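Engineer: Here it is, the structure in full.
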Amino acid sequence: HPLSLIPGERNNFKITYPEDLVLARKMTDVNECRTGIGFDVHPLQPGRRLILGGVDIPSPLGLYGHSDADVVAHAISDAILGAAGEPDIGTLFPAYDSSYKGADSMELLRRVVSIVRSKGWFIRWIDVVLSAQYPRLSPYLEAIRTSLETNLSTEEHAKTVNLKVKSGEGIGPVGAGQCMECYAVATIERFPERDIPPSA
């Protein structure tokens with residue numbers, strides 16, 4: 001019979017050697033991606049330091065809490081933990097434990113990052129909305145974002161954080177200057193177990 005050629009698929013190749021099987025798995029395995037949501041709120045009080053994303057903000061009012069009450073770090077921590085299916089920060093670092101009184105929330109955030117990295121997760125993106133009426137925060141946004149990225153990523157100059165501040169528009173507890181609220185969304189990714197880089 002006469003022979004003829006038909007178009008084929010380059011992905012449909014013969015598996016002959018062990019390295020062929022490794023390549024085939026890499027072509028078919030899809031990295032696992034997840035998204036988590038975090039929220040936190042703390043009241044504003046005179047005489048307290050105002051720390052947001054690890055940055056000290058000059059203000060007559062600061063956030064009150066068992067730790068340093070960094071509402072941004074707390075919301076991001078819960079978003080990352082939620083995406084990874086881990087307990088929230090209130091469970092991991094409970095307020096009844098005196099060792100966390102006045103704790104540095106950025107140190108707790110670094111511990112959260114360590115927990116999820118130990119499970120093979122990489123933080124790909126963090127989106128943050130901070131709701132605050134007082135004080136004016138726009139001059140500090142870049143410093144806060146830089147501080148967060150430094151503590152979230154092991155890659156130098158990695159851009160992983162988007163930060164926005166919204167006014168309370170004079171409405172509700174935020175608008176009255178009674179508190180700050182923060183929302184965060186975290187996107188994380190995990191490679192198939194056999195393909196996790198040795199440095200993970």
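Each chain of the structure tokens is named A, B, ... in the order shown, its residues numbered from 1; ligands are numbered from 1 in display order.
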Determine, counting only C-alpha atoms, which protein, DNA and RNA residues have an atom within 7 Å of an atom of Glu32 in chain A; residues of the same chain fewer than 2 positions away are not included. Present the result as number ranges by chain.
Structural biologist: A: 30, 34, 189-191
Engineer: Take the residues from that selection and put them in a file with C-alpha atoms, as a PDB file, in the first residue's frame.
Structural biologist:
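Writing the result to selection10.pdb gives the following:
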```pdb
ATOM      1  CA  VAL A  30      -0.115  21.260  36.764  1.00  0.00           C
ATOM      2  CA  ARG A  34      -4.757  28.544  45.885  1.00  0.00           C
ATOM      3  CA  GLU A 189       1.531  28.099  44.399  1.00  0.00           C
ATOM      4  CA  ARG A 190       2.934  24.627  44.996  1.00  0.00           C
ATOM      5  CA  PHE A 191       4.884  22.487  42.526  1.00  0.00           C
TER       6      PHE A 191
END
```
Engineer: Compile the contact shell of Pro58 in chain A as a list in words: residues with an atom at most 9 Å away, counting only C-alpha atoms, same-chain residues fewer than 2 positions apart removed.
Structural biologist: Arg49, Leu50, Asp56, Pro60, Leu61 and Pro135 of chain A
Engineer: Within 8 Å of Ile76 in chain A, counting only C-alpha atoms, which residues qualify if same-chain residues fewer than 6 places away don't, as number ranges by chain?
Structural biologist: A: 38-39, 109, 126, 128, 183-186
Engineer: Take the residues that were just selected and, keeping N, CA, C and O atoms, output them as a PDB file, in the first residue's frame.
Structural biologist:
```pdb
ATOM      1  N   GLY A  38      -7.822  37.231  54.137  1.00  0.00           N
ATOM      2  CA  GLY A  38      -7.566  37.581  55.529  1.00  0.00           C
ATOM      3  C   GLY A  38      -8.226  38.912  55.884  1.00  0.00           C
ATOM      4  O   GLY A  38      -8.376  39.786  55.027  1.00  0.00           O
ATOM      5  N   PHE A  39      -8.632  39.030  57.139  1.00  0.00           N
ATOM      6  CA  PHE A  39      -9.252  40.275  57.628  1.00  0.00           C
ATOM      7  C   PHE A  39      -8.813  40.507  59.057  1.00  0.00           C
ATOM      8  O   PHE A  39      -8.663  39.560  59.836  1.00  0.00           O
ATOM      9  N   LEU A 109       4.701  37.178  61.038  1.00  0.00           N
ATOM     10  CA  LEU A 109       4.488  36.995  59.604  1.00  0.00           C
ATOM     11  C   LEU A 109       5.604  36.148  59.001  1.00  0.00           C
ATOM     12  O   LEU A 109       5.344  35.263  58.174  1.00  0.00           O
ATOM     13  N   ILE A 126       0.221  39.218  46.879  1.00  0.00           N
ATOM     14  CA  ILE A 126      -0.579  39.671  48.017  1.00  0.00           C
ATOM     15  C   ILE A 126      -1.247  40.982  47.619  1.00  0.00           C
ATOM     16  O   ILE A 126      -0.571  41.925  47.195  1.00  0.00           O
ATOM     17  N   VAL A 128      -3.701  43.994  49.155  1.00  0.00           N
ATOM     18  CA  VAL A 128      -4.114  44.496  50.471  1.00  0.00           C
ATOM     19  C   VAL A 128      -4.941  45.764  50.321  1.00  0.00           C
ATOM     20  O   VAL A 128      -4.600  46.663  49.538  1.00  0.00           O
ATOM     21  N   TYR A 183      -8.069  44.227  54.808  1.00  0.00           N
ATOM     22  CA  TYR A 183      -8.414  43.028  54.050  1.00  0.00           C
ATOM     23  C   TYR A 183      -7.211  42.640  53.198  1.00  0.00           C
ATOM     24  O   TYR A 183      -6.532  43.504  52.636  1.00  0.00           O
ATOM     25  N   ALA A 184      -6.965  41.350  53.084  1.00  0.00           N
ATOM     26  CA  ALA A 184      -5.849  40.876  52.265  1.00  0.00           C
ATOM     27  C   ALA A 184      -6.249  39.617  51.519  1.00  0.00           C
ATOM     28  O   ALA A 184      -6.993  38.774  52.037  1.00  0.00           O
ATOM     29  N   VAL A 185      -5.746  39.492  50.306  1.00  0.00           N
ATOM     30  CA  VAL A 185      -5.927  38.277  49.495  1.00  0.00           C
ATOM     31  C   VAL A 185      -4.540  37.774  49.124  1.00  0.00           C
ATOM     32  O   VAL A 185      -3.695  38.544  48.650  1.00  0.00           O
ATOM     33  N   ALA A 186      -4.294  36.493  49.349  1.00  0.00           N
ATOM     34  CA  ALA A 186      -2.995  35.897  49.050  1.00  0.00           C
ATOM     35  C   ALA A 186      -3.152  34.813  47.988  1.00  0.00           C
ATOM     36  O   ALA A 186      -4.067  33.992  48.061  1.00  0.00           O
TER      37      ALA A 186
END
```
Engineer: Write out as a PyMOL selection string each polymer residue whose atoms come within 8 Å of range 94-103 of chain A, counting only C-alpha atoms; drop sequence neighbours fewer than 5 positions from it.
Structural biologist: chain A and resi 66-68+89+108
Engineer: Which residue is closest to Ser153 in chain A? Choose from A:Leu5, A:Ile188, A:Val174, A:Ala132 and count only C-alpha atoms.
Structural biologist: A:Ile188
Engineer: So which bits of range 9-195 of chain A end up helix (DSSP H, G or I) when you DSSP the backbone, as a ChimeraX atom specification?
Structural biologist: /A:18-28,71-84,89-92,98-100,105-118,138-152,172-175,193-195
Engineer: Ranking A:Gly65, A:Gly53, A:Gly175, A:Pro139 by minimum distance to Val41 in chain A and counting only C-alpha atoms, which one comes first?
Structural biologist: A:Gly65
Engineer: Mind checking which residues fall within 8 Å of range 143-146 of chain A, counting only C-alpha atoms, ignoring those fewer than 5 positions away in the same chain, and posting them as a tab-separated table (two decimals) with N, CA, C and O atoms, in the first residue's frame?
Structural biologist:
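Output (out12.tsv):
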```
chain	number	residue	atom	x	y	z
A	52	LEU	N	2.29	49.73	60.92
A	52	LEU	CA	1.56	49.16	59.79
A	52	LEU	C	2.57	48.52	58.84
A	52	LEU	O	3.46	49.20	58.32
A	53	GLY	N	2.44	47.23	58.63
A	53	GLY	CA	3.38	46.52	57.77
A	53	GLY	C	4.81	46.63	58.24
A	53	GLY	O	5.74	46.61	57.44
A	54	GLY	N	4.99	46.73	59.56
A	54	GLY	CA	6.32	46.81	60.13
A	54	GLY	C	6.92	48.21	60.14
A	54	GLY	O	8.07	48.38	60.54
A	55	VAL	N	6.15	49.21	59.71
A	55	VAL	CA	6.65	50.59	59.64
A	55	VAL	C	6.00	51.43	60.73
A	55	VAL	O	4.77	51.44	60.87
A	161	VAL	N	3.61	42.49	46.44
A	161	VAL	CA	2.58	43.14	47.25
A	161	VAL	C	1.98	44.33	46.52
A	161	VAL	O	2.70	45.18	45.98
A	162	ASN	N	0.66	44.39	46.52
A	162	ASN	CA	-0.07	45.58	46.08
A	162	ASN	C	-0.83	46.12	47.29
A	162	ASN	O	-1.52	45.36	47.98
A	163	LEU	N	-0.67	47.40	47.59
A	163	LEU	CA	-1.24	47.99	48.79
A	163	LEU	C	-2.06	49.23	48.44
A	163	LEU	O	-1.59	50.12	47.73
```
Engineer: In terms of the shortest atom-to-atom distance over only C-alpha atoms, which of A:Met180, A:Val71, A:Leu81, A:Ile171 is closest to Arg111 in chain A?
Structural biologist: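 Looking only at the distances to Arg111 in chain A, the closest residue turns out to be A:Leu81.
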Engineer: Enumerate, as a ChimeraX atom specification, the complete set of residues in range 58-135 of chain A that a backbone-based DSSP assignment places in strand (DSSP E or B).
Structural biologist: /A:61-63,121-131
Engineer: For the selection just defined, write its residues with N, CA, C and O atoms to a file, as a PDB file, in the first residue's frame.
Structural biologist:
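Saved result, again09.pdb, follows:
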```
ATOM      1  N   LEU A  61      -2.494  58.629  67.646  1.00  0.00           N
ATOM      2  CA  LEU A  61      -3.310  57.443  67.886  1.00  0.00           C
ATOM      3  C   LEU A  61      -2.593  56.219  67.341  1.00  0.00           C
ATOM      4  O   LEU A  61      -2.040  56.244  66.251  1.00  0.00           O
ATOM      5  N   GLY A  62      -2.620  55.143  68.116  1.00  0.00           N
ATOM      6  CA  GLY A  62      -2.042  53.881  67.664  1.00  0.00           C
ATOM      7  C   GLY A  62      -3.060  52.768  67.798  1.00  0.00           C
ATOM      8  O   GLY A  62      -4.113  52.937  68.418  1.00  0.00           O
ATOM      9  N   LEU A  63      -2.744  51.632  67.233  1.00  0.00           N
ATOM     10  CA  LEU A  63      -3.658  50.491  67.276  1.00  0.00           C
ATOM     11  C   LEU A  63      -3.445  49.675  68.544  1.00  0.00           C
ATOM     12  O   LEU A  63      -2.310  49.398  68.932  1.00  0.00           O
ATOM     13  N   TRP A 121       4.794  25.542  49.621  1.00  0.00           N
ATOM     14  CA  TRP A 121       4.075  26.658  49.007  1.00  0.00           C
ATOM     15  C   TRP A 121       4.998  27.852  48.777  1.00  0.00           C
ATOM     16  O   TRP A 121       5.855  28.154  49.601  1.00  0.00           O
ATOM     17  N   PHE A 122       4.775  28.535  47.660  1.00  0.00           N
ATOM     18  CA  PHE A 122       5.467  29.775  47.349  1.00  0.00           C
ATOM     19  C   PHE A 122       4.435  30.901  47.277  1.00  0.00           C
ATOM     20  O   PHE A 122       3.366  30.724  46.682  1.00  0.00           O
ATOM     21  N   ILE A 123       4.743  32.050  47.876  1.00  0.00           N
ATOM     22  CA  ILE A 123       3.827  33.193  47.843  1.00  0.00           C
ATOM     23  C   ILE A 123       4.036  33.937  46.536  1.00  0.00           C
ATOM     24  O   ILE A 123       5.130  34.434  46.258  1.00  0.00           O
ATOM     25  N   ARG A 124       2.981  34.013  45.729  1.00  0.00           N
ATOM     26  CA  ARG A 124       3.083  34.646  44.418  1.00  0.00           C
ATOM     27  C   ARG A 124       2.567  36.074  44.415  1.00  0.00           C
ATOM     28  O   ARG A 124       3.079  36.919  43.697  1.00  0.00           O
ATOM     29  N   TRP A 125       1.527  36.359  45.181  1.00  0.00           N
ATOM     30  CA  TRP A 125       0.962  37.710  45.130  1.00  0.00           C
ATOM     31  C   TRP A 125       0.128  37.987  46.372  1.00  0.00           C
ATOM     32  O   TRP A 125      -0.586  37.101  46.864  1.00  0.00           O
ATOM     33  N   ILE A 126       0.221  39.218  46.879  1.00  0.00           N
ATOM     34  CA  ILE A 126      -0.579  39.671  48.017  1.00  0.00           C
ATOM     35  C   ILE A 126      -1.247  40.982  47.619  1.00  0.00           C
ATOM     36  O   ILE A 126      -0.571  41.925  47.195  1.00  0.00           O
ATOM     37  N   ASP A 127      -2.550  41.047  47.759  1.00  0.00           N
ATOM     38  CA  ASP A 127      -3.302  42.283  47.484  1.00  0.00           C
ATOM     39  C   ASP A 127      -3.948  42.736  48.794  1.00  0.00           C
ATOM     40  O   ASP A 127      -4.640  41.951  49.454  1.00  0.00           O
ATOM     41  N   VAL A 128      -3.701  43.994  49.155  1.00  0.00           N
ATOM     42  CA  VAL A 128      -4.114  44.496  50.471  1.00  0.00           C
ATOM     43  C   VAL A 128      -4.941  45.764  50.321  1.00  0.00           C
ATOM     44  O   VAL A 128      -4.600  46.663  49.538  1.00  0.00           O
ATOM     45  N   VAL A 129      -6.033  45.841  51.092  1.00  0.00           N
ATOM     46  CA  VAL A 129      -6.816  47.071  51.211  1.00  0.00           C
ATOM     47  C   VAL A 129      -6.874  47.436  52.690  1.00  0.00           C
ATOM     48  O   VAL A 129      -7.414  46.679  53.510  1.00  0.00           O
ATOM     49  N   LEU A 130      -6.302  48.593  53.039  1.00  0.00           N
ATOM     50  CA  LEU A 130      -6.333  49.100  54.406  1.00  0.00           C
ATOM     51  C   LEU A 130      -7.359  50.215  54.467  1.00  0.00           C
ATOM     52  O   LEU A 130      -7.294  51.181  53.704  1.00  0.00           O
ATOM     53  N   SER A 131      -8.303  50.095  55.377  1.00  0.00           N
ATOM     54  CA  SER A 131      -9.346  51.106  55.549  1.00  0.00           C
ATOM     55  C   SER A 131      -9.040  51.925  56.793  1.00  0.00           C
ATOM     56  O   SER A 131      -9.055  51.390  57.913  1.00  0.00           O
TER      57      SER A 131
END
```
